[in-house]
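See below for the structure under consideration.
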Amino acid sequence: MSKKKKKRRAPSRGGWLAIGAVVIVAILLAVLSPKTVKDNDLASSAFKLEVTAESDFVINEIMASNASALVMPDGSLPDWIEITNTGNKAHSLSGYVLMLDSEADNMYRLPDVQVAAGESVVVYCDARPGDMHAPFGLPAAGATAILMDVSGDVVDRVSYPALQDNRVYCRDGGEWVISSVSTPGADNVVSDRDSGETTRVTVASQVQISEIMTKNVSYIPDVNGNVHDYIEIENTGSGDINLKGWHLSD
């Protein structure tokens, strides 16, 4: 005797309702789940030419050829990108991403750093370990720095030109200019190298430059008979001042 094939029963009305409920729950979970942004997705988003979102955070200053402007405690000379909070309250950079030239390999996810209103922080671009150290350097020949928010949207994008040693590309009001005065973590100062004048001194100090020698041929030879150019620094105050951590730049 041949066995009779059992007919498949169509789901009852209650069964269809159960299946529909499962589908709806799956869709809701997909929509409501937190968005996970992968590095490749970020690189693809950054490749867009336009800024796609607004943020109080902006790129404010770029140093791509640091020869002596900023010396770290270990003697290294990092390039840097300065980020400024232009808003009226403190914000965290947690989840923001700094990228160079839309490449996933040149990407740095910023840590949970609180930035007060109007204040700036410096990201050292030197491929060294540690917080606020990006895993890439900045080419002096020019590149594009990109800042993205926690959703992967581009909030600022700056293409800087070729920069000579110790020159920065920085904001001057609504424009970008090249300046010979670098101010990592402080307000920008636009200078005229030819005249030797700067727009302003940002911090009052009793320590002042009092003399500069640029073409020394005979004055104050060292023990080997060699002479050197020099800069004289004077303490105009009445008390001692420790110059440790100060920087001198041309």
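Lettering and numbering for the structure tokens are positional, with chains as A, B, ... in the shown order, residues counted from 1 in each chain, and ligands counted from 1 in the shown order.
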Ala64 in chain A surroundings by only C-alpha atoms, 10 Å radius, close-in-sequence under 3 positions cut, as JSON, numbers by chain: {"A": [67, 78, 79, 80, 81, 125, 137, 138, 139, 140, 141, 142, 143, 160, 161, 162, 163, 164, 165, 166, 167, 168, 169]}
Computed interatomic separation between CA of Cys170 in chain A and CA of Leu243 in chain A (Å):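 Computing the Euclidean distance for CA of Cys170 in chain A and CA of Leu243 in chain A yields 27.2 Å.
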For CA of Asn85 in chain A and CA of Ile178 in chain A, the interatomic separation in Å (one decimal):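 Calculated distance between CA of Asn85 in chain A and CA of Ile178 in chain A is 21.2 Å.
Neighbours of Ser120 in chain A closer than or equal to 7 Å, with only C-alpha atoms counted and sequence neighbours fewer than 5 positions away skipped, come out as Glu82, Ile83, Thr84, Asn85, Val115, Gly185 and Ala186 of chain A.
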Generate a file of the selected residues that holds N, CA and C atoms, formatted as a short mmCIF file (atom, residue, chain, number, x, y, z; two decimals), in the first residue's frame.
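Output below, filename result.cif:
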```
data_model
loop_
_atom_site.label_atom_id
_atom_site.label_comp_id
_atom_site.auth_asym_id
_atom_site.auth_seq_id
_atom_site.Cartn_x
_atom_site.Cartn_y
_atom_site.Cartn_z
N GLU A 82 44.18 71.49 15.58
CA GLU A 82 43.48 72.08 16.73
C GLU A 82 41.98 72.10 16.45
N ILE A 83 41.21 71.66 17.44
CA ILE A 83 39.75 71.64 17.35
C ILE A 83 39.19 72.59 18.39
N THR A 84 38.27 73.46 17.97
CA THR A 84 37.71 74.49 18.86
C THR A 84 36.21 74.29 19.03
N ASN A 85 35.75 74.49 20.27
CA ASN A 85 34.32 74.48 20.57
C ASN A 85 33.81 75.91 20.42
N VAL A 115 35.34 69.82 26.32
CA VAL A 115 35.90 71.07 25.83
C VAL A 115 34.94 72.20 26.21
N GLY A 185 46.12 75.31 21.05
CA GLY A 185 45.34 75.39 22.28
C GLY A 185 44.97 76.79 22.69
N ALA A 186 45.38 77.81 21.93
CA ALA A 186 45.09 79.20 22.28
C ALA A 186 44.51 79.92 21.07
#
```
Å distance separating CA of Leu93 in chain A from CA of Pro135 in chain A, one decimal place: 17.1 Å
Those in range 134-214 of chain A with strand (DSSP E or B) from DSSP, as an MDAnalysis selection string: chainID A and resid 134 143:148 154:160 168:172 175:179 191:192 197:198 207:213
Would you put the residues from that selection into a file with C-alpha atoms, as a PDB file, in the first residue's frame?
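Final output, again35.pdb:
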```pdb
ATOM      1  CA  ALA A 134      46.384  60.452  16.011  1.00  0.00           C
ATOM      2  CA  ALA A 143      46.033  67.419   2.392  1.00  0.00           C
ATOM      3  CA  THR A 144      42.423  67.482   3.602  1.00  0.00           C
ATOM      4  CA  ALA A 145      41.495  67.188   7.280  1.00  0.00           C
ATOM      5  CA  ILE A 146      37.965  65.989   8.029  1.00  0.00           C
ATOM      6  CA  LEU A 147      35.982  66.088  11.274  1.00  0.00           C
ATOM      7  CA  MET A 148      32.930  63.836  11.692  1.00  0.00           C
ATOM      8  CA  VAL A 154      30.979  65.456   8.130  1.00  0.00           C
ATOM      9  CA  VAL A 155      30.833  68.601  10.285  1.00  0.00           C
ATOM     10  CA  ASP A 156      34.013  70.299   9.063  1.00  0.00           C
ATOM     11  CA  ARG A 157      36.404  69.755   6.185  1.00  0.00           C
ATOM     12  CA  VAL A 158      39.581  71.796   5.584  1.00  0.00           C
ATOM     13  CA  SER A 159      41.959  71.422   2.648  1.00  0.00           C
ATOM     14  CA  TYR A 160      45.241  73.039   3.634  1.00  0.00           C
ATOM     15  CA  VAL A 168      50.203  77.043  10.375  1.00  0.00           C
ATOM     16  CA  TYR A 169      47.008  77.202   8.370  1.00  0.00           C
ATOM     17  CA  CYS A 170      44.476  78.848  10.675  1.00  0.00           C
ATOM     18  CA  ARG A 171      41.186  80.684  10.867  1.00  0.00           C
ATOM     19  CA  ASP A 172      41.244  84.477  10.815  1.00  0.00           C
ATOM     20  CA  GLU A 175      38.903  83.256   6.300  1.00  0.00           C
ATOM     21  CA  TRP A 176      41.771  80.761   6.335  1.00  0.00           C
ATOM     22  CA  VAL A 177      45.315  82.154   6.216  1.00  0.00           C
ATOM     23  CA  ILE A 178      48.907  80.979   6.596  1.00  0.00           C
ATOM     24  CA  SER A 179      50.591  82.373   9.716  1.00  0.00           C
ATOM     25  CA  SER A 191      51.487  87.529  11.716  1.00  0.00           C
ATOM     26  CA  ASP A 192      53.422  89.299   9.001  1.00  0.00           C
ATOM     27  CA  GLU A 197      55.039  92.259  13.683  1.00  0.00           C
ATOM     28  CA  THR A 198      52.118  90.268  15.032  1.00  0.00           C
ATOM     29  CA  VAL A 207      59.667  87.654  30.363  1.00  0.00           C
ATOM     30  CA  GLN A 208      60.581  89.559  27.205  1.00  0.00           C
ATOM     31  CA  ILE A 209      62.924  89.251  24.224  1.00  0.00           C
ATOM     32  CA  SER A 210      65.430  92.069  24.706  1.00  0.00           C
ATOM     33  CA  GLU A 211      68.059  91.502  21.993  1.00  0.00           C
ATOM     34  CA  ILE A 212      68.548  89.555  18.759  1.00  0.00           C
ATOM     35  CA  MET A 213      71.827  88.852  16.932  1.00  0.00           C
TER      36      MET A 213
END
```
Counting only C-alpha atoms, the residue of A:Asp101, A:Glu50, A:Gly152, A:Asn60 that sits nearest Gly174 in chain A: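 Ranking A:Asp101, A:Glu50, A:Gly152, A:Asn60 by distance to Gly174 in chain A, first place goes to A:Asn60.
Backbone DSSP over range 28-165 of chain A gives helix (DSSP H, G or I) for Leu28, Leu29, Ala30, Val31, Leu32, Asp39, Asn40, Asp41, Leu42, Ala43, Ser44, Ser45 and Ala46 of chain A.
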